[in-house]
>>> print(open('data.txt').read())   # compact mmCIF, C-alpha atoms and all ligand atoms
# COMPACT_ATOMS: atom_id res chain seq x y z
CA PRO G 270 62.34 -1.96 -71.74
CA VAL G 271 61.78 1.77 -72.37
CA SER G 272 58.47 2.40 -74.13
CA PRO G 273 58.47 4.31 -77.47
CA TRP G 274 56.36 7.08 -75.80
CA LYS G 275 58.95 7.55 -73.09
CA LEU G 276 61.68 7.70 -75.71
CA MET G 277 59.80 10.37 -77.69
CA ASP G 278 59.16 12.28 -74.48
CA LEU G 279 62.89 12.19 -73.64
CA THR G 280 63.75 13.37 -77.18
CA PHE G 281 61.44 16.39 -76.92
CA THR G 282 62.23 17.34 -73.34
CA ALA G 283 66.02 16.85 -73.33
CA ILE G 284 67.69 16.15 -76.69
CA VAL G 285 65.88 18.72 -78.89
CA PRO G 286 66.44 21.66 -76.47
CA LEU G 287 70.08 20.58 -76.08
CA LEU G 288 70.54 20.52 -79.87
CA LEU G 289 68.78 23.85 -80.36
CA GLY G 290 70.87 25.35 -77.54
CA SER G 291 74.11 24.14 -79.14
CA VAL G 292 73.10 25.52 -82.55
CA GLY G 293 72.17 28.85 -80.92
CA LEU G 294 75.48 29.03 -79.04
CA PHE G 295 77.40 28.21 -82.22
CA ALA G 296 75.50 30.92 -84.17
CA LEU G 297 76.22 33.44 -81.39
CA PHE G 298 79.90 32.48 -81.40
CA ARG G 299 80.07 32.95 -85.20
CA LEU G 300 78.30 36.31 -84.94
CA LEU G 301 80.74 37.55 -82.29
CA GLN G 302 83.66 36.24 -84.34
CA ARG G 303 82.38 38.12 -87.44
CA MET G 304 81.86 41.33 -85.44
CA ARG G 305 85.38 41.11 -83.97
CA MET G 306 86.82 40.45 -87.44
CA ARG G 307 84.95 43.42 -88.95
CA ALA G 308 86.25 45.71 -86.20
CA TYR G 309 89.81 44.42 -86.70
CA LEU G 310 89.84 45.00 -90.48
CA GLN G 311 87.81 48.22 -90.64
CA ASP G 312 90.21 51.19 -91.12
CA ALA G 313 93.28 48.94 -90.61
CA VAL G 314 96.30 49.95 -92.73
CA VAL G 315 96.94 46.89 -94.91
CA VAL G 316 100.04 46.69 -97.13
CA ILE G 317 99.84 44.14 -99.96
CA THR G 318 102.80 43.22 -102.19
CA GLY G 319 102.21 41.84 -105.70
CA ALA G 320 98.89 43.70 -105.93
CA THR G 321 99.10 44.01 -109.72
CA SER G 322 97.87 40.52 -110.43
CA GLY G 323 96.36 37.21 -109.28
CA LEU G 324 95.96 36.62 -105.55
CA GLY G 325 97.38 40.02 -104.54
CA LYS G 326 94.81 41.85 -106.66
CA GLU G 327 91.96 39.77 -105.21
CA CYS G 328 93.26 40.33 -101.65
CA ALA G 329 93.21 44.06 -102.40
CA LYS G 330 89.54 43.81 -103.42
CA ALA G 331 88.62 41.68 -100.37
CA PHE G 332 90.37 43.92 -97.80
CA HIS G 333 89.05 47.07 -99.50
CA ALA G 334 85.52 45.67 -99.24
CA ALA G 335 86.20 45.01 -95.53
CA GLY G 336 86.93 48.74 -95.08
CA SER G 337 90.73 48.54 -94.75
CA ARG G 338 93.07 51.37 -95.81
CA LEU G 339 95.22 49.85 -98.55
CA VAL G 340 98.83 50.35 -99.52
CA LEU G 341 99.24 48.54 -102.83
CA CYS G 342 102.77 47.51 -103.88
CA GLY G 343 103.99 46.35 -107.26
CA ARG G 344 106.47 46.91 -110.07
CA ASN G 345 103.99 48.16 -112.65
CA SER G 346 102.61 51.61 -111.86
CA GLU G 347 99.99 51.53 -114.64
CA ARG G 348 98.47 48.27 -113.42
CA LEU G 349 98.43 49.53 -109.83
CA GLN G 350 96.61 52.70 -110.95
CA ASP G 351 94.09 50.58 -112.88
CA LEU G 352 93.37 48.70 -109.66
CA VAL G 353 93.01 51.96 -107.71
CA GLN G 354 90.46 53.08 -110.34
CA GLU G 355 88.65 49.75 -110.10
CA LEU G 356 88.37 50.01 -106.32
CA SER G 357 86.88 53.45 -107.02
CA ALA G 358 87.25 54.79 -103.48
CA LYS G 359 84.13 53.16 -102.04
CA THR G 360 85.78 53.72 -98.68
CA HIS G 361 89.47 54.75 -98.54
CA LYS G 362 91.49 55.56 -101.66
CA PRO G 363 94.49 53.17 -101.82
CA PHE G 364 98.04 54.48 -101.67
CA THR G 365 100.52 52.94 -104.13
CA VAL G 366 104.24 52.19 -103.89
CA ILE G 367 106.43 50.95 -106.73
CA PHE G 368 109.42 48.72 -106.02
CA ASP G 369 111.14 45.52 -107.03
CA LEU G 370 111.38 42.96 -104.23
CA SER G 371 114.64 41.58 -105.54
CA ASP G 372 116.35 44.93 -104.81
CA THR G 373 116.89 45.15 -101.03
CA LYS G 374 117.74 48.88 -101.11
CA MET G 375 114.47 49.65 -102.93
CA VAL G 376 112.57 47.45 -100.48
CA VAL G 377 113.94 49.31 -97.45
CA SER G 378 113.23 52.75 -98.93
CA ALA G 379 109.71 51.62 -99.92
CA ALA G 380 109.07 50.67 -96.27
CA GLU G 381 110.36 54.10 -95.18
CA GLU G 382 108.11 55.83 -97.74
CA ILE G 383 105.08 53.89 -96.50
CA LEU G 384 105.72 54.80 -92.86
CA LYS G 385 106.30 58.44 -93.81
CA CYS G 386 103.09 58.66 -95.85
CA VAL G 387 100.61 56.54 -93.89
CA GLY G 388 102.19 56.65 -90.42
CA HIS G 389 101.98 52.99 -89.47
CA VAL G 390 101.14 49.51 -90.79
CA ASP G 391 98.59 47.28 -89.10
CA ILE G 392 98.72 44.31 -91.46
CA LEU G 393 101.49 43.43 -93.94
CA ILE G 394 100.61 40.83 -96.58
CA ASN G 395 103.79 39.49 -98.21
CA ASN G 396 102.13 38.05 -101.31
CA ALA G 397 104.36 38.77 -104.34
CA GLY G 398 106.32 35.88 -105.74
CA ILE G 399 107.57 34.04 -108.81
CA SER G 400 107.58 30.39 -109.67
CA TYR G 401 110.15 28.25 -111.45
CA ARG G 402 110.25 25.22 -113.73
CA GLY G 403 113.41 23.28 -114.49
CA SER G 404 115.82 20.52 -113.63
CA ILE G 405 118.51 21.17 -111.00
CA LEU G 406 121.24 19.99 -113.41
CA ASP G 407 120.30 22.57 -116.08
CA THR G 408 119.62 25.52 -113.79
CA GLY G 409 122.17 28.29 -113.37
CA MET G 410 122.83 29.74 -109.91
CA ASP G 411 121.57 33.13 -111.14
CA VAL G 412 118.09 31.62 -111.51
CA ASP G 413 118.20 30.04 -108.02
CA LYS G 414 119.27 33.42 -106.63
CA LYS G 415 116.56 35.34 -108.52
CA VAL G 416 113.81 33.12 -107.11
CA MET G 417 115.30 33.31 -103.62
CA GLU G 418 115.65 37.14 -103.84
CA THR G 419 112.00 37.60 -104.86
CA ASN G 420 110.31 34.95 -102.72
CA TYR G 421 112.51 34.98 -99.63
CA PHE G 422 115.04 37.84 -99.22
CA GLY G 423 112.62 40.51 -100.52
CA PRO G 424 109.74 39.65 -98.15
CA ILE G 425 112.05 39.25 -95.14
CA ALA G 426 113.79 42.59 -95.88
CA PHE G 427 110.39 44.31 -96.18
CA THR G 428 109.16 42.67 -92.97
CA LYS G 429 112.34 43.62 -91.05
CA ALA G 430 112.06 47.22 -92.27
CA LEU G 431 108.45 47.51 -91.00
CA LEU G 432 108.84 45.54 -87.75
CA PRO G 433 110.44 48.25 -85.53
CA SER G 434 107.44 50.53 -86.03
CA MET G 435 105.05 47.64 -85.18
CA ILE G 436 107.10 46.80 -82.08
CA LYS G 437 106.97 50.44 -80.98
CA ARG G 438 103.15 50.32 -81.15
CA GLN G 439 103.05 46.76 -79.69
CA GLN G 440 100.63 46.01 -82.49
CA GLY G 441 100.85 44.48 -85.94
CA HIS G 442 100.16 41.45 -88.07
CA ILE G 443 102.55 39.91 -90.59
CA VAL G 444 101.05 37.62 -93.22
CA VAL G 445 103.00 35.64 -95.79
CA ILE G 446 101.67 33.74 -98.78
CA SER G 447 103.78 30.61 -98.88
CA SER G 448 102.62 27.46 -100.70
CA VAL G 449 101.97 23.76 -100.22
CA GLN G 450 105.47 23.64 -101.71
CA GLY G 451 106.71 25.32 -98.55
CA LYS G 452 105.88 22.03 -96.83
CA ILE G 453 106.70 19.45 -99.50
CA SER G 454 109.13 19.56 -102.44
CA ILE G 455 108.06 18.27 -105.81
CA PRO G 456 110.55 17.54 -108.63
CA PHE G 457 111.51 20.24 -111.17
CA ARG G 458 110.43 23.03 -108.78
CA SER G 459 113.62 23.10 -106.64
CA ALA G 460 114.23 26.87 -106.44
CA TYR G 461 110.54 27.63 -105.79
CA ALA G 462 110.08 24.91 -103.16
CA ALA G 463 113.36 25.94 -101.47
CA SER G 464 112.29 29.60 -101.32
CA LYS G 465 108.91 28.65 -99.83
CA HIS G 466 110.48 26.23 -97.29
CA ALA G 467 112.80 29.07 -96.23
CA THR G 468 109.78 31.37 -95.98
CA GLN G 469 107.90 28.92 -93.77
CA ALA G 470 110.94 28.50 -91.50
CA PHE G 471 111.64 32.24 -91.19
CA PHE G 472 108.06 33.22 -90.40
CA ASP G 473 107.67 30.35 -87.89
CA CYS G 474 110.70 31.76 -86.03
CA LEU G 475 109.30 35.28 -86.35
CA ARG G 476 105.96 34.17 -84.81
CA ALA G 477 107.74 32.84 -81.73
CA GLU G 478 110.03 35.87 -81.39
CA MET G 479 107.21 38.41 -81.86
CA GLU G 480 104.79 36.92 -79.33
CA GLN G 481 106.22 39.14 -76.56
CA TYR G 482 105.36 42.25 -78.63
CA GLU G 483 101.83 40.99 -79.41
CA ILE G 484 102.58 40.90 -83.14
CA ASP G 485 100.73 38.15 -84.99
CA VAL G 486 102.13 36.03 -87.81
CA THR G 487 99.97 34.10 -90.29
CA VAL G 488 101.50 31.73 -92.85
CA VAL G 489 99.12 30.85 -95.70
CA SER G 490 99.98 27.77 -97.77
CA PRO G 491 97.75 27.43 -100.82
CA GLY G 492 97.71 24.72 -103.46
CA TYR G 493 97.09 25.64 -107.11
CA ILE G 494 95.32 28.96 -107.79
CA GLN G 495 94.02 30.17 -111.17
CA THR G 496 96.58 32.97 -111.71
CA ASN G 497 99.43 33.77 -114.09
CA LEU G 498 102.02 32.27 -111.72
CA SER G 499 103.02 29.42 -114.07
CA VAL G 500 103.00 31.75 -117.12
CA ASN G 501 105.35 34.15 -115.28
CA ALA G 502 107.56 31.35 -113.91
CA VAL G 503 111.27 31.38 -114.78
CA THR G 504 112.92 28.39 -116.39
CA ALA G 505 116.41 26.89 -116.04
CA ASP G 506 118.01 29.52 -118.32
CA GLY G 507 116.07 32.41 -116.79
CA SER G 508 113.60 32.80 -119.68
CA PRO G 509 109.85 32.88 -118.92
CA TYR G 510 108.02 29.53 -118.90
CA GLY G 511 105.01 31.14 -120.57
CA VAL G 512 102.65 28.19 -120.14
CA MET G 513 99.39 28.10 -118.20
CA ASP G 514 99.67 24.72 -116.46
CA LYS G 515 96.73 22.31 -116.34
CA ASN G 516 96.99 22.16 -112.53
CA THR G 517 96.75 25.96 -112.38
CA ILE G 518 93.66 26.06 -114.59
CA GLU G 519 92.03 23.44 -112.35
CA GLY G 520 93.00 25.29 -109.15
CA ARG G 521 90.90 27.46 -106.86
CA THR G 522 89.96 30.93 -108.04
CA ALA G 523 92.08 33.77 -106.68
CA ALA G 524 88.92 35.42 -105.28
CA GLU G 525 88.11 32.26 -103.29
CA VAL G 526 91.64 32.07 -101.85
CA ALA G 527 91.63 35.82 -101.06
CA GLN G 528 88.49 35.28 -98.98
CA VAL G 529 90.25 32.50 -97.03
CA VAL G 530 93.21 34.85 -96.49
CA LEU G 531 90.86 37.59 -95.24
CA ASN G 532 89.15 35.21 -92.79
CA ALA G 533 92.48 33.78 -91.59
CA VAL G 534 93.81 37.30 -90.95
CA GLY G 535 90.56 38.41 -89.31
CA GLN G 536 90.65 35.41 -87.00
CA LYS G 537 94.42 35.81 -86.42
CA LYS G 538 95.09 32.22 -87.45
CA LYS G 539 98.71 31.14 -87.13
CA GLU G 540 98.68 29.09 -90.32
CA VAL G 541 96.32 27.89 -93.01
CA LEU G 542 96.71 25.13 -95.56
CA ILE G 543 94.38 25.68 -98.53
CA ALA G 544 94.63 22.41 -100.41
CA GLY G 545 92.63 19.44 -101.66
CA LEU G 546 92.76 15.95 -100.22
CA LEU G 547 95.78 14.67 -102.19
CA PRO G 548 98.20 17.56 -101.43
CA SER G 549 97.04 17.58 -97.79
CA LEU G 550 97.73 13.83 -97.55
CA ALA G 551 101.15 14.38 -99.16
CA VAL G 552 102.02 16.94 -96.46
CA TYR G 553 101.20 14.38 -93.73
CA LEU G 554 102.93 11.55 -95.62
CA ARG G 555 106.17 13.62 -95.78
CA THR G 556 106.19 13.63 -91.95
CA LEU G 557 104.70 10.24 -91.14
CA SER G 558 106.31 8.11 -93.85
CA PRO G 559 109.11 10.03 -95.60
CA ARG G 560 110.40 6.92 -97.36
CA LEU G 561 107.04 6.37 -99.10
CA PHE G 562 106.80 10.07 -99.95
CA PHE G 563 110.30 10.02 -101.55
CA THR G 564 109.33 6.93 -103.60
CA PHE G 565 106.26 8.77 -104.97
CA MET G 566 108.33 11.86 -105.81
CA ALA G 567 111.02 9.80 -107.59
CA SER G 568 108.33 8.11 -109.65
CA ARG G 569 106.81 11.51 -110.47
CA ALA G 570 110.24 12.77 -111.58
CA ARG G 571 110.72 9.69 -113.81
CA LYS G 572 107.30 10.20 -115.41
CA GLU G 573 107.86 13.93 -116.02
CA ARG G 574 111.30 13.28 -117.55
CA LYS G 575 109.85 10.56 -119.81
CA ALA G 576 107.00 12.87 -120.92
CA LYS G 577 109.52 15.64 -121.70
CA ASP G 578 111.81 13.31 -123.67
CA SER G 579 109.02 11.74 -125.73
N1 LIG T 1 99.03 30.46 -108.32
C1 LIG T 1 99.30 29.41 -107.59
O1 LIG T 1 99.04 28.27 -107.98
C2 LIG T 1 99.94 29.59 -106.21
C3 LIG T 1 99.96 28.48 -105.34
C4 LIG T 1 100.54 28.63 -104.09
C5 LIG T 1 101.10 29.84 -103.73
N2 LIG T 1 101.07 30.89 -104.59
C6 LIG T 1 101.71 32.15 -104.17
O2 LIG T 1 100.78 33.21 -104.29
C7 LIG T 1 101.50 34.43 -104.42
C8 LIG T 1 100.86 35.29 -105.50
O3 LIG T 1 101.09 34.70 -106.77
P1 LIG T 1 99.97 34.63 -107.91
O4 LIG T 1 99.55 33.24 -108.00
O5 LIG T 1 98.97 35.67 -107.70
O6 LIG T 1 100.86 34.91 -109.21
P2 LIG T 1 100.91 36.15 -110.23
O7 LIG T 1 99.57 36.39 -110.81
O8 LIG T 1 102.04 35.86 -111.15
O9 LIG T 1 101.27 37.38 -109.29
C9 LIG T 1 102.55 37.53 -108.75
C10 LIG T 1 102.70 38.94 -108.22
O10 LIG T 1 104.01 39.07 -107.67
C11 LIG T 1 104.62 40.22 -108.22
N3 LIG T 1 106.06 40.10 -108.34
C12 LIG T 1 106.78 39.12 -108.96
N4 LIG T 1 108.08 39.38 -108.88
C13 LIG T 1 108.21 40.55 -108.22
C14 LIG T 1 109.32 41.35 -107.83
N5 LIG T 1 110.58 41.02 -108.12
N6 LIG T 1 109.08 42.50 -107.15
C15 LIG T 1 107.82 42.88 -106.86
N7 LIG T 1 106.73 42.17 -107.19
C16 LIG T 1 106.93 41.02 -107.87
C17 LIG T 1 104.02 40.36 -109.60
O11 LIG T 1 104.19 41.67 -110.05
P3 LIG T 1 104.36 42.06 -111.61
O12 LIG T 1 102.96 42.29 -112.08
O13 LIG T 1 105.18 43.29 -111.58
O14 LIG T 1 105.04 40.91 -112.27
C18 LIG T 1 102.56 40.00 -109.33
O15 LIG T 1 101.86 41.10 -108.81
C19 LIG T 1 102.96 34.05 -104.69
O16 LIG T 1 103.74 34.21 -103.52
C20 LIG T 1 102.87 32.58 -105.04
O17 LIG T 1 104.06 31.88 -104.75
C21 LIG T 1 100.49 30.80 -105.81
>>> encode(input="data.txt", output="structure tokens")
Amino acid sequence: PVSPWKLMDLTFTAIVPLLLGSVGLFALFRLLQRMRMRAYLQDAVVVITGATSGLGKECAKAFHAAGSRLVLCGRNSERLQDLVQELSAKTHKPFTVIFDLSDTKMVVSAAEEILKCVGHVDILINNAGISYRGSILDTGMDVDKKVMETNYFGPIAFTKALLPSMIKRQQGHIVVISSVQGKISIPFRSAYAASKHATQAFFDCLRAEMEQYEIDVTVVSPGYIQTNLSVNAVTADGSPYGVMDKNTIEGRTAAEVAQVVLNAVGQKKKEVLIAGLLPSLAVYLRTLSPRLFFTFMASRARKERKAKDS
């Protein structure tokens, strides 16, 4: 049998140096990764849609702090100017562009304006979006189209308008803020989940097609975030939902998610799921046992309908 002294000797001469070496190598790797990320984001031209509120606003703060040159997009000029003031030109003063994503003509001319004024785009963050609450039976096609225009057609039109200039430079990074609902559909969110599924599909194709031009694509799929998304959601008749959902209040802060977005972009990750255990399990369950997943969703629909009727 090995004596305790020999064991201690082995621990100090082999295992401890091995452990310390591994920790050192890991720290060095992290340091190099951070340095590479800083160099990538510093002075990069970053375009962010939906910068007037929630996650977009926090992304603006995070990328500004990382030294990026910002182009902030939104529909509300006053709120964009407030953000420009808040960022107070610590490094570069942000440039602002006003347009509505549901108007393809405006989207294309906004992209042209950006290229004319700032020359090129290094990173495009397609963040703007609206949510929806309602039953499929009660919802008019105009509402389905509105959600699709804002969450899907707008971002893809903007991306297509900026891509040729990225391809010319053989450099660029397209980011899209999708959702856990781009991977699983939950009842009474049909238009939103459909728009995010379409988003996931489009940007997965784009990633494959852009590899030859060295253009990166990152799809970010968060769970609930503490923003005004549910308040601004449209309902079956097109009117605003106007309610801050419990799930939203209990979600991650927008600043926390913006930091994950920044790191994912800096590390050129292909996709990120930012969700707790239950939504993450649901995503796997949808693939591994769809029948069980559908049973859970049907039960959720029954419960929600009962709660609404009572
Ligand atoms: N909050 C969540 O729980 C959650 C979860 C997963 C994914 N997401 C995604 O995160 C992204 C950001 O949403 P948020 O949570 O930060 O919500 P938010 O606070 O409501 O912000 C949405 C942003 O999108 C802009 N927007 C909406 N419709 C637009 C249009 N037609 N044209 C141009 N801009 C438009 C809004 O601009 P205005 O100020 O002009 O309205 C606002 O800046 C969305 O894509 C959303 O789907 C959110």
>>> closest_atom_pairs(input="data.txt", of="chain G", to="ligand LIG 1 (chain T)", cutoff="6 Å", atoms="only C-alpha atoms and all ligand atoms", output="tab-separated table")
residue	atom	partner	partner_atom	distance
G:Gly319	CA	T:LIG1	O15	3.2
G:Ala320	CA	T:LIG1	O15	4.9
G:Thr321	CA	T:LIG1	O15	4.1
G:Ser322	CA	T:LIG1	O15	4.3
G:Gly323	CA	T:LIG1	O5	3.4
G:Leu324	CA	T:LIG1	O5	3.8
G:Gly325	CA	T:LIG1	O5	5.6
G:Gly343	CA	T:LIG1	N7	5.0
G:Arg344	CA	T:LIG1	O13	4.1
G:Asn345	CA	T:LIG1	O13	5.1
G:Asp369	CA	T:LIG1	N6	3.7
G:Leu370	CA	T:LIG1	N6	3.7
G:Ser371	CA	T:LIG1	N5	4.8
G:Asn396	CA	T:LIG1	O16	4.7
G:Ala397	CA	T:LIG1	O10	3.4
G:Gly398	CA	T:LIG1	O16	3.8
G:Ile399	CA	T:LIG1	C12	5.1
G:Thr419	CA	T:LIG1	N5	4.9
G:Ile446	CA	T:LIG1	O16	5.2
G:Ser447	CA	T:LIG1	C5	5.6
G:Ser448	CA	T:LIG1	C5	4.1
G:Pro491	CA	T:LIG1	C4	4.5
G:Gly492	CA	T:LIG1	C3	4.8
G:Tyr493	CA	T:LIG1	O1	3.4
G:Ile494	CA	T:LIG1	O1	3.8
G:Gln495	CA	T:LIG1	N1	5.8
G:Thr496	CA	T:LIG1	O7	4.6
G:Asn497	CA	T:LIG1	O7	4.2
G:Leu498	CA	T:LIG1	O8	3.6
G:Asn501	CA	T:LIG1	O8	5.6
G:Thr517	CA	T:LIG1	O1	5.5
>>> closest_residue(input="data.txt", among="G:Glu525, G:Asp413, G:Glu480, G:Asp473", to="Gln439 (chain G)", atoms="all atoms listed in the file")
G:Glu480
>>> atom_distance(input="data.txt", atom1="CA of Glu382 (chain G)", atom2="CA of Phe427 (chain G)")
11.8 Å
>>> atom_distance(input="data.txt", atom1="CA of Glu573 (chain G)", atom2="CA of Thr522 (chain G)")
25.9 Å
>>> closest_residue(input="data.txt", among="G:Met277, G:Pro363, G:Gly535, G:Cys328", to="Met304 (chain G)", atoms="all atoms listed in the file")
G:Gly535
>>> atom_distance(input="data.txt", atom1="CA of Asn516 (chain G)", atom2="CA of Gln469 (chain G)")
22.7 Å
>>> closest_residue(input="data.txt", among="G:Ser568, G:Thr556, G:Ser459, G:Gln450", to="Leu542 (chain G)", atoms="all atoms listed in the file")
G:Gln450
